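Have a look at query_12.cif below; it lists mmCIF, C-alpha atoms and all ligand atoms.
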```cif
data_model
loop_
_atom_site.label_atom_id
_atom_site.label_comp_id
_atom_site.auth_asym_id
_atom_site.auth_seq_id
_atom_site.Cartn_x
_atom_site.Cartn_y
_atom_site.Cartn_z
CA MET K 27 0.00 0.00 0.00
CA LEU K 28 1.26 3.47 -0.82
CA ALA K 29 1.67 5.60 2.34
CA ASP K 30 1.40 2.62 4.67
CA LEU K 31 1.14 3.97 8.23
CA SER K 32 0.56 0.65 10.03
CA ASN K 33 1.99 0.60 13.57
CA LYS K 34 2.48 4.37 13.53
CA ILE K 35 1.06 6.80 16.05
CA ALA K 36 0.06 10.21 14.70
CA LEU K 37 -0.78 13.29 16.76
CA ILE K 38 -2.85 16.01 15.08
CA THR K 39 -3.38 19.42 16.67
CA GLY K 40 -6.83 20.93 16.08
CA GLY K 41 -7.90 17.47 14.91
CA GLY K 42 -11.52 17.78 16.01
CA GLN K 43 -12.95 19.52 12.94
CA GLY K 44 -12.27 20.92 9.47
CA LEU K 45 -8.95 20.07 7.85
CA GLY K 46 -7.73 18.48 11.07
CA LEU K 47 -10.56 15.95 11.04
CA GLY K 48 -9.89 15.16 7.37
CA ILE K 49 -6.22 14.55 8.18
CA VAL K 50 -7.14 12.38 11.18
CA GLN K 51 -9.40 10.21 8.99
CA ARG K 52 -6.94 9.82 6.10
CA LEU K 53 -4.03 8.92 8.38
CA ALA K 54 -6.26 6.33 10.08
CA GLU K 55 -7.33 4.91 6.69
CA GLN K 56 -3.65 4.37 5.94
CA GLY K 57 -3.31 2.38 9.18
CA ALA K 58 -2.16 4.90 11.82
CA ASP K 59 -3.46 5.06 15.37
CA ILE K 60 -4.47 8.60 16.19
CA VAL K 61 -4.09 11.14 18.98
CA ILE K 62 -6.44 14.12 18.65
CA VAL K 63 -5.50 17.23 20.61
CA ASP K 64 -7.73 20.29 20.58
CA ILE K 65 -9.15 23.08 22.72
CA ASN K 66 -12.60 21.76 21.82
CA ASP K 67 -13.07 18.57 23.86
CA ALA K 68 -16.47 17.69 22.35
CA ASN K 69 -15.12 17.76 18.79
CA ALA K 70 -12.03 15.79 19.81
CA LEU K 71 -14.19 13.08 21.39
CA ASN K 72 -16.36 12.93 18.29
CA ALA K 73 -13.24 12.45 16.13
CA LYS K 74 -12.04 9.71 18.50
CA LYS K 75 -15.35 7.84 18.05
CA ILE K 76 -15.05 8.08 14.25
CA ILE K 77 -11.54 6.61 14.36
CA GLU K 78 -12.47 3.82 16.76
CA LYS K 79 -15.37 2.85 14.48
CA MET K 80 -12.78 2.43 11.73
CA GLY K 81 -11.03 -0.12 13.96
CA ASN K 82 -7.97 2.02 14.83
CA LYS K 83 -6.88 3.07 18.31
CA ALA K 84 -7.53 6.69 19.25
CA TRP K 85 -6.80 8.97 22.18
CA THR K 86 -7.76 12.56 22.94
CA SER K 87 -6.13 15.16 25.11
CA TYR K 88 -7.01 18.77 25.83
CA MET K 89 -4.32 21.10 24.52
CA ASP K 90 -4.22 24.86 24.03
CA VAL K 91 -1.26 25.40 21.72
CA THR K 92 -0.85 28.97 23.05
CA ASP K 93 -0.16 27.70 26.57
CA LYS K 94 3.19 25.96 27.17
CA LEU K 95 2.00 24.34 30.40
CA SER K 96 -1.03 22.90 28.63
CA ILE K 97 1.22 21.55 25.85
CA LYS K 98 3.62 19.89 28.30
CA LYS K 99 0.80 18.38 30.38
CA SER K 100 -0.86 17.01 27.25
CA ILE K 101 2.30 15.53 25.69
CA ASP K 102 3.36 13.93 29.02
CA GLU K 103 -0.12 12.40 29.35
CA ILE K 104 -0.07 11.12 25.75
CA ILE K 105 3.44 9.64 25.97
CA SER K 106 2.54 7.83 29.19
CA GLN K 107 -0.24 6.07 27.25
CA THR K 108 1.15 5.63 23.73
CA LYS K 109 4.91 5.43 24.60
CA LYS K 110 5.79 7.14 21.29
CA ILE K 111 4.74 9.69 18.68
CA ASP K 112 5.85 8.87 15.12
CA ILE K 113 3.98 11.61 13.28
CA LEU K 114 3.11 15.15 14.33
CA VAL K 115 0.73 17.22 12.22
CA ASN K 116 0.66 20.86 13.35
CA ASN K 117 -2.74 21.84 12.01
CA ALA K 118 -4.32 24.10 14.68
CA GLY K 119 -4.53 27.60 13.27
CA VAL K 120 -6.65 30.75 13.22
CA ALA K 121 -7.47 33.49 10.72
CA GLY K 122 -7.16 36.21 13.35
CA ALA K 123 -8.19 37.03 16.91
CA PRO K 124 -11.81 36.32 17.88
CA GLY K 125 -14.02 38.92 16.22
CA SER K 126 -11.51 39.62 13.44
CA THR K 127 -12.94 40.93 10.18
CA GLY K 128 -9.58 41.27 8.48
CA THR K 129 -10.47 44.77 7.37
CA ALA K 130 -8.82 46.79 10.16
CA PHE K 131 -5.23 46.88 11.41
CA ARG K 132 -5.50 45.61 14.96
CA ASP K 133 -2.52 44.67 17.16
CA ILE K 134 -4.59 41.90 18.66
CA ASP K 135 -4.91 40.15 15.28
CA TRP K 136 -1.14 40.21 14.74
CA GLU K 137 -0.46 38.99 18.28
CA PHE K 138 -3.12 36.27 18.45
CA THR K 139 -2.41 34.91 14.96
CA TRP K 140 1.32 34.74 15.71
CA LYS K 141 0.67 33.10 19.07
CA VAL K 142 -1.41 30.25 17.59
CA ASN K 143 -0.05 29.81 14.05
CA VAL K 144 3.67 30.26 14.70
CA LYS K 145 4.66 30.21 18.37
CA GLY K 146 2.02 27.60 19.23
CA LEU K 147 3.19 25.41 16.33
CA SER K 148 6.86 25.67 17.35
CA ASP K 149 6.11 25.11 21.06
CA VAL K 150 4.20 21.88 20.30
CA THR K 151 6.97 20.72 17.97
CA GLU K 152 9.68 21.40 20.53
CA GLU K 153 7.78 19.41 23.18
CA VAL K 154 7.34 16.41 20.84
CA LEU K 155 10.76 16.50 19.17
CA PRO K 156 12.81 15.04 22.08
CA HIS K 157 10.60 11.92 21.97
CA MET K 158 11.30 11.57 18.24
CA LEU K 159 15.03 12.22 18.63
CA GLU K 160 15.24 9.52 21.30
CA ARG K 161 14.07 6.97 18.69
CA LYS K 162 15.72 8.68 15.72
CA TYR K 163 12.39 8.60 13.89
CA GLY K 164 9.90 11.35 13.22
CA LYS K 165 7.70 12.93 10.58
CA ILE K 166 6.57 16.49 11.20
CA ILE K 167 4.01 18.11 8.92
CA ASN K 168 3.14 21.77 9.35
CA ILE K 169 0.00 23.28 7.88
CA SER K 170 0.88 26.53 6.12
CA SER K 171 -1.48 28.13 3.57
CA VAL K 172 -1.74 29.34 0.01
CA ALA K 173 -1.85 32.77 1.69
CA ALA K 174 1.92 32.56 2.28
CA ARG K 175 2.90 32.55 -1.39
CA ALA K 176 -0.21 34.18 -2.92
CA ALA K 177 -1.42 36.93 -0.66
CA LYS K 178 -4.78 37.43 -2.38
CA TYR K 179 -8.02 37.52 -0.35
CA THR K 180 -6.11 37.22 2.91
CA THR K 181 -4.66 39.53 5.54
CA ALA K 182 -1.08 40.64 6.10
CA TYR K 183 -0.91 39.12 9.57
CA TYR K 184 -2.25 35.74 8.42
CA ALA K 185 -0.01 35.61 5.32
CA THR K 186 3.01 36.54 7.47
CA SER K 187 2.21 33.81 9.99
CA LYS K 188 1.91 31.18 7.25
CA MET K 189 5.14 32.29 5.54
CA SER K 190 6.80 31.94 8.95
CA VAL K 191 5.56 28.35 9.07
CA ILE K 192 7.46 27.72 5.81
CA ALA K 193 10.65 29.28 7.22
CA TYR K 194 10.33 27.26 10.45
CA THR K 195 9.79 24.07 8.42
CA GLN K 196 12.96 24.66 6.41
CA ALA K 197 15.12 25.56 9.42
CA LEU K 198 13.95 22.55 11.41
CA ALA K 199 14.32 20.17 8.44
CA ARG K 200 17.96 21.20 8.01
CA GLU K 201 18.72 21.05 11.74
CA PHE K 202 17.39 17.52 12.28
CA ALA K 203 17.98 15.88 8.90
CA LEU K 204 20.80 13.65 10.21
CA GLN K 205 18.55 12.44 13.04
CA ASN K 206 16.07 10.90 10.57
CA ILE K 207 13.42 13.54 11.22
CA ASN K 208 11.52 14.70 8.12
CA VAL K 209 9.91 18.11 8.36
CA ASN K 210 7.59 19.29 5.60
CA ALA K 211 4.68 21.67 5.15
CA ILE K 212 1.43 21.63 3.22
CA ALA K 213 -0.02 24.83 1.77
CA PRO K 214 -3.76 24.21 1.32
CA GLY K 215 -5.79 26.47 -0.96
CA ARG K 216 -9.40 27.12 0.07
CA ILE K 217 -11.59 24.75 2.03
CA TRP K 218 -15.11 25.66 3.16
CA THR K 219 -14.68 25.08 6.92
CA ALA K 220 -15.66 27.03 10.05
CA PHE K 221 -12.47 29.01 9.42
CA HIS K 222 -14.06 30.77 6.40
CA GLN K 223 -17.65 30.60 7.67
CA ASP K 224 -16.89 32.34 10.99
CA TRP K 225 -14.84 34.99 9.24
CA MET K 226 -17.70 35.80 6.85
CA ASP K 227 -20.11 36.01 9.82
CA GLU K 228 -17.82 38.52 11.57
CA ARG K 229 -17.58 40.59 8.40
CA GLU K 230 -21.35 40.63 8.11
CA LYS K 231 -21.72 41.72 11.76
CA SER K 232 -19.23 44.54 11.19
CA GLY K 233 -21.32 45.89 8.29
CA ASP K 234 -19.11 44.71 5.40
CA GLN K 235 -21.19 45.34 2.25
CA ALA K 236 -19.30 42.63 0.36
CA VAL K 237 -21.06 39.95 2.43
CA ILE K 238 -24.23 41.52 3.91
CA GLY K 239 -27.34 39.72 2.69
CA LYS K 240 -25.30 37.58 0.29
CA ASP K 241 -25.01 33.81 0.05
CA LYS K 242 -21.65 33.42 1.83
CA TYR K 243 -20.72 30.19 0.08
CA LYS K 244 -21.26 31.99 -3.25
CA VAL K 245 -18.98 34.86 -2.13
CA PHE K 246 -16.37 32.22 -1.18
CA MET K 247 -16.78 30.43 -4.54
CA ASP K 248 -16.66 33.63 -6.62
CA GLN K 249 -13.33 34.63 -5.02
CA LEU K 250 -12.04 31.10 -5.39
CA LYS K 251 -12.87 30.86 -9.12
CA GLU K 252 -10.96 34.07 -9.69
CA VAL K 253 -7.72 32.73 -8.19
CA ILE K 254 -7.79 28.92 -8.45
CA PRO K 255 -7.22 27.56 -11.98
CA MET K 256 -9.06 24.30 -11.21
CA GLY K 257 -12.05 26.37 -10.08
CA ARG K 258 -13.05 24.25 -7.10
CA PRO K 259 -12.35 24.17 -3.37
CA GLN K 260 -10.00 21.66 -1.84
CA THR K 261 -11.32 19.12 0.67
CA PRO K 262 -10.08 18.06 4.12
CA SER K 263 -9.66 14.55 2.72
CA GLU K 264 -7.37 15.78 -0.09
CA ILE K 265 -5.18 17.58 2.43
CA GLY K 266 -5.24 14.41 4.53
CA ALA K 267 -4.09 12.31 1.57
CA LEU K 268 -1.05 14.52 1.07
CA ALA K 269 -0.32 14.48 4.82
CA ALA K 270 -0.50 10.66 4.77
CA PHE K 271 2.06 10.49 1.95
CA LEU K 272 4.44 12.94 3.66
CA ALA K 273 4.03 11.02 6.93
CA SER K 274 4.97 7.72 5.29
CA ASP K 275 8.33 6.18 4.53
CA ASP K 276 7.52 6.57 0.80
CA ALA K 277 8.44 10.23 1.39
CA ALA K 278 11.61 9.39 3.33
CA ASN K 279 13.80 11.50 1.04
CA ILE K 280 11.56 14.55 1.10
CA THR K 281 12.30 17.18 3.72
CA GLY K 282 12.14 20.95 4.05
CA GLN K 283 9.45 21.18 1.35
CA THR K 284 6.18 23.08 1.29
CA ILE K 285 3.77 21.35 -1.07
CA GLN K 286 0.86 23.31 -2.50
CA CYS K 287 -2.54 21.59 -2.56
CA ASP K 288 -4.48 24.50 -4.01
CA GLY K 289 -5.86 23.60 -7.45
CA GLY K 290 -2.93 25.38 -9.10
CA GLN K 291 -3.20 28.80 -7.47
CA VAL K 292 0.53 28.83 -6.78
CA MET K 293 2.87 27.10 -9.23
CA VAL K 294 6.44 26.74 -7.99
N1 LIG W 301 -9.90 26.46 5.52
C1 LIG W 301 -9.02 26.88 4.63
O1 LIG W 301 -9.39 27.31 3.52
C2 LIG W 301 -7.54 26.84 4.93
C3 LIG W 301 -6.65 27.13 3.89
C4 LIG W 301 -5.28 27.09 4.13
C5 LIG W 301 -4.81 26.76 5.38
N2 LIG W 301 -5.70 26.49 6.39
C6 LIG W 301 -5.13 26.13 7.68
O2 LIG W 301 -5.59 24.84 8.04
C7 LIG W 301 -5.66 24.71 9.46
C8 LIG W 301 -7.02 24.22 9.87
O3 LIG W 301 -7.99 25.13 9.40
P1 LIG W 301 -9.55 24.80 9.33
O4 LIG W 301 -10.06 25.46 8.11
O5 LIG W 301 -9.78 23.37 9.56
O6 LIG W 301 -10.03 25.66 10.61
P2 LIG W 301 -11.14 25.35 11.72
O7 LIG W 301 -11.36 26.65 12.40
O8 LIG W 301 -12.30 24.63 11.13
O9 LIG W 301 -10.39 24.33 12.71
C9 LIG W 301 -9.32 24.72 13.53
C10 LIG W 301 -9.12 23.69 14.62
O10 LIG W 301 -8.04 24.13 15.46
C11 LIG W 301 -8.47 24.13 16.82
N3 LIG W 301 -7.76 25.18 17.54
C12 LIG W 301 -7.87 26.52 17.38
N4 LIG W 301 -7.10 27.16 18.26
C13 LIG W 301 -6.47 26.21 19.00
C14 LIG W 301 -5.55 26.24 20.08
N5 LIG W 301 -5.14 27.42 20.62
N6 LIG W 301 -5.09 25.08 20.59
C15 LIG W 301 -5.52 23.89 20.08
N7 LIG W 301 -6.40 23.79 19.07
C16 LIG W 301 -6.87 24.94 18.54
C17 LIG W 301 -9.98 24.37 16.75
O11 LIG W 301 -10.64 23.97 17.94
C18 LIG W 301 -10.34 23.52 15.54
O12 LIG W 301 -10.52 22.17 15.87
C19 LIG W 301 -5.27 26.08 10.02
O13 LIG W 301 -3.90 26.09 10.34
C20 LIG W 301 -5.53 27.03 8.85
O14 LIG W 301 -4.75 28.18 8.92
C21 LIG W 301 -7.05 26.52 6.20
#
```
Structure rendered as structure tokens:
Amino acid sequence: MLADLSNKIALITGGGQGLGLGIVQRLAEQGADIVIVDINDANALNAKKIIEKMGNKAWTSYMDVTDKLSIKKSIDEIISQTKKIDILVNNAGVAGAPGSTGTAFRDIDWEFTWKVNVKGLSDVTEEVLPHMLERKYGKIINISSVAARAAKYTTAYYATSKMSVIAYTQALAREFALQNINVNAIAPGRIWTAFHQDWMDEREKSGDQAVIGKDKYKVFMDQLKEVIPMGRPQTPSEIGALAAFLASDDAANITGQTIQCDGGQVMV
């Protein structure tokens, strides 16, 4: 089987919904047992049930990636149960601070987005990494965004955070290459998840004429068709399929890369 993940344990941050849930399901389909960490316990438990129904083992643990103590507590708890983490997918991410409309320059959006998308991602990685180094085996996959390389219909703070994810991926890949740790990133295009839906709702509340009274999915699709050559959204499952490949030993010689899964919006 291509991307065989049998006997592997994969931890996915923000795995309770959206892209994270798609990644959780695809990694499980390829044979991995799954650890779902999230700030939303109910969604994490729901994801656990889905995975157990598939016949794989699953665990959940509360983790707020912006809180180092929460990260340490969660990873200690997980390791005591699973004994190892083979695959880490850093997926938890935000489009801005709560209430962000993306139309105003607010310090809080810069600070909150950085805290979750960059510092949170590196803090989780640095808590998991020693366990990988101990076994000289690890696959780290960071979720960046098309916004990093094509800053259209995004915000400066979000694009900056996702470009930072690419830089972090490259630096870490180089640093740990001789320890058999692969570090790669995925840059998804546009997926109709709560991420976009909540943002549209905030824009509507703030009086943004571009969305008021409009069918929000149509607004999303109109923007998408303008920038994505394939003219359709990506799906959580498609992002999961790429994550499964990068997490597998079939991708053993790939490190430091950021792979676009965006219907051709960015061609590198
Ligand atoms: N939806 C898109 O079009 C799109 C495109 C490119 C990249 N991305 C990226 O994909 C990732 C997932 O996005 P999504 O669309 O599924 O979003 P989403 O809002 O549907 O899901 C985000 C998940 O992360 C969790 N989370 C948020 N803050 C957290 C924290 N502090 N600690 C732990 N968990 C936390 C949430 O509870 C949720 O389960 C993000 O990194 C996002 O930037 C999304």
| task | Find the spatial neighbours of Arg216 of chain K, counting only C-alpha atoms, within a cut-off of 7 Å - ignore same-chain residues fewer than 4 positions away - and output them as a PyMOL selection string. | result | chain K and resi 259-260+288
If you count only C-alpha atoms, the residue of K:Ile97, K:Ala70, K:Leu114, K:Ile134 closest to Gly146 of chain K turns out to be K:Ile97
Residues of chain K within 6 Å of ligand LIG 301 (chain W): nearest atom pair and distance (Å, one decimal) for each, counting all atoms listed in the file, sorted by chain and number, as a tab-separated table?
```
residue	atom	partner	partner_atom	distance
K:Thr39	CA	W:LIG301	N7	5.8
K:Gly40	CA	W:LIG301	O10	3.5
K:Gly41	CA	W:LIG301	O12	5.5
K:Gly42	CA	W:LIG301	O12	4.5
K:Gln43	CA	W:LIG301	O12	4.6
K:Gly44	CA	W:LIG301	O5	3.5
K:Leu45	CA	W:LIG301	O5	3.8
K:Gly46	CA	W:LIG301	O5	5.5
K:Asp64	CA	W:LIG301	N7	4.0
K:Ile65	CA	W:LIG301	C15	4.6
K:Asn66	CA	W:LIG301	O11	4.9
K:Met89	CA	W:LIG301	C15	5.4
K:Asp90	CA	W:LIG301	N6	3.6
K:Val91	CA	W:LIG301	N6	4.0
K:Thr92	CA	W:LIG301	N5	5.2
K:Asn117	CA	W:LIG301	O13	4.7
K:Ala118	CA	W:LIG301	O10	3.8
K:Gly119	CA	W:LIG301	O13	3.4
K:Val120	CA	W:LIG301	O14	5.4
K:Val142	CA	W:LIG301	N5	5.6
K:Ile169	CA	W:LIG301	O13	5.4
K:Ser170	CA	W:LIG301	C5	5.7
K:Ser171	CA	W:LIG301	C4	4.0
K:Val172	CA	W:LIG301	C4	5.9
K:Pro214	CA	W:LIG301	C4	4.3
K:Gly215	CA	W:LIG301	C3	5.0
K:Arg216	CA	W:LIG301	O1	3.5
K:Ile217	CA	W:LIG301	O1	3.7
K:Trp218	CA	W:LIG301	N1	5.8
K:Thr219	CA	W:LIG301	O4	4.8
K:Ala220	CA	W:LIG301	O8	4.3
K:Phe221	CA	W:LIG301	O7	4.0
```
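Minimum atom-to-atom distances from K:Met189, K:Leu272, K:Ala54, K:Val154 to Lys109 of chain K were compared using all atoms listed in the file, and the lowest value belongs to K:Val154.
Atom CA of Arg52 of chain K is positioned 26.3 Å from atom CA of Phe202 of chain K.
Shortest atom-to-atom contact with Glu103 of chain K among K:Ser263, K:Ser87, K:Ser32, K:Asn116: K:Ser87, counting all atoms listed in the file.
Distances to Ala199 of chain K were evaluated for K:Tyr179, K:Lys165, K:Leu71, K:Ala84 using only C-alpha atoms, and the minimum falls at K:Lys165.
Proximity ranking of K:Ala73, K:Asp248, K:Val209, K:Ala277 relative to Ala236 of chain K places K:Asp248 first, based on all atoms listed in the file.
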Test item: residues at most 10 Å from Pro255 of chain K, all atoms listed in the file, excluding those fewer than 6 positions along its chain, as JSON, numbers by chain | {"K": [288, 289, 290, 291, 292]}
Mind writing the picked residues with C-alpha atoms as a PDB file, keeping the file's coordinate frame?
```
ATOM      1  CA  ASP K 288      -4.480  24.500  -4.010  1.00  0.00           C
ATOM      2  CA  GLY K 289      -5.860  23.600  -7.450  1.00  0.00           C
ATOM      3  CA  GLY K 290      -2.930  25.380  -9.100  1.00  0.00           C
ATOM      4  CA  GLN K 291      -3.200  28.800  -7.470  1.00  0.00           C
ATOM      5  CA  VAL K 292       0.530  28.830  -6.780  1.00  0.00           C
TER       6      VAL K 292
END
```
Show me, as a PyMOL selection string, the residues that have an atom within 10 Å of Ala278 of chain K when counting only C-alpha atoms, minus same-chain residues fewer than 4 positions from it. chain K and resi 165+206-208+271-274
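You can rank K:Asn72, K:Asn33, K:Ser187, K:Asn82 by their closest distance to Asp112 of chain K using all atoms listed in the file, and at the top of that list sits K:Asn33.
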Show which residues sit within 9 Å of Asp275 of chain K, as a PyMOL selection string. Count all atoms listed in the file, and ignore same-chain residues fewer than 6 positions away. chain K and resi 29-31
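The two atoms in question, atom CA of Thr127 of chain K and atom CA of Arg229 of chain K, are spaced 5.0 Å apart.
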Produce segment 245-264 of chain K of the given structure as output with N, CA and C atoms, as a short mmCIF file (atom, residue, chain, number, x, y, z; two decimals), in the first residue's frame.
```
data_model
loop_
_atom_site.label_atom_id
_atom_site.label_comp_id
_atom_site.auth_asym_id
_atom_site.auth_seq_id
_atom_site.Cartn_x
_atom_site.Cartn_y
_atom_site.Cartn_z
N VAL K 245 -20.07 33.86 -2.21
CA VAL K 245 -18.98 34.86 -2.13
C VAL K 245 -17.64 34.11 -2.11
N PHE K 246 -17.58 33.06 -1.29
CA PHE K 246 -16.37 32.22 -1.18
C PHE K 246 -16.02 31.62 -2.56
N MET K 247 -17.03 31.08 -3.25
CA MET K 247 -16.78 30.43 -4.54
C MET K 247 -16.38 31.44 -5.62
N ASP K 248 -16.99 32.62 -5.60
CA ASP K 248 -16.66 33.63 -6.62
C ASP K 248 -15.19 34.05 -6.50
N GLN K 249 -14.75 34.26 -5.24
CA GLN K 249 -13.33 34.63 -5.02
C GLN K 249 -12.43 33.48 -5.46
N LEU K 250 -12.84 32.29 -5.10
CA LEU K 250 -12.04 31.10 -5.39
C LEU K 250 -11.84 30.91 -6.91
N LYS K 251 -12.95 31.08 -7.67
CA LYS K 251 -12.87 30.86 -9.12
C LYS K 251 -11.94 31.87 -9.78
N GLU K 252 -11.84 33.03 -9.15
CA GLU K 252 -10.96 34.07 -9.69
C GLU K 252 -9.48 33.68 -9.54
N VAL K 253 -9.15 32.97 -8.47
CA VAL K 253 -7.72 32.73 -8.19
C VAL K 253 -7.26 31.27 -8.39
N ILE K 254 -8.21 30.34 -8.37
CA ILE K 254 -7.79 28.92 -8.45
C ILE K 254 -8.07 28.37 -9.85
N PRO K 255 -7.02 28.04 -10.61
CA PRO K 255 -7.22 27.56 -11.98
C PRO K 255 -8.19 26.39 -12.08
N MET K 256 -8.17 25.46 -11.12
CA MET K 256 -9.06 24.30 -11.21
C MET K 256 -10.50 24.64 -10.82
N GLY K 257 -10.70 25.85 -10.28
CA GLY K 257 -12.05 26.37 -10.08
C GLY K 257 -12.90 25.66 -9.04
N ARG K 258 -12.25 24.90 -8.15
CA ARG K 258 -13.05 24.25 -7.10
C ARG K 258 -12.29 24.28 -5.78
N PRO K 259 -13.04 24.18 -4.66
CA PRO K 259 -12.35 24.17 -3.37
C PRO K 259 -11.59 22.87 -3.16
N GLN K 260 -10.65 22.89 -2.24
CA GLN K 260 -10.00 21.66 -1.84
C GLN K 260 -10.84 21.04 -0.71
N THR K 261 -10.56 19.78 -0.40
CA THR K 261 -11.32 19.12 0.67
C THR K 261 -10.37 18.68 1.79
N PRO K 262 -10.92 18.55 3.02
CA PRO K 262 -10.08 18.06 4.12
C PRO K 262 -9.45 16.71 3.79
N SER K 263 -10.18 15.88 3.06
CA SER K 263 -9.66 14.55 2.72
C SER K 263 -8.45 14.65 1.76
N GLU K 264 -8.51 15.61 0.84
CA GLU K 264 -7.37 15.78 -0.09
C GLU K 264 -6.12 16.26 0.66
#
```
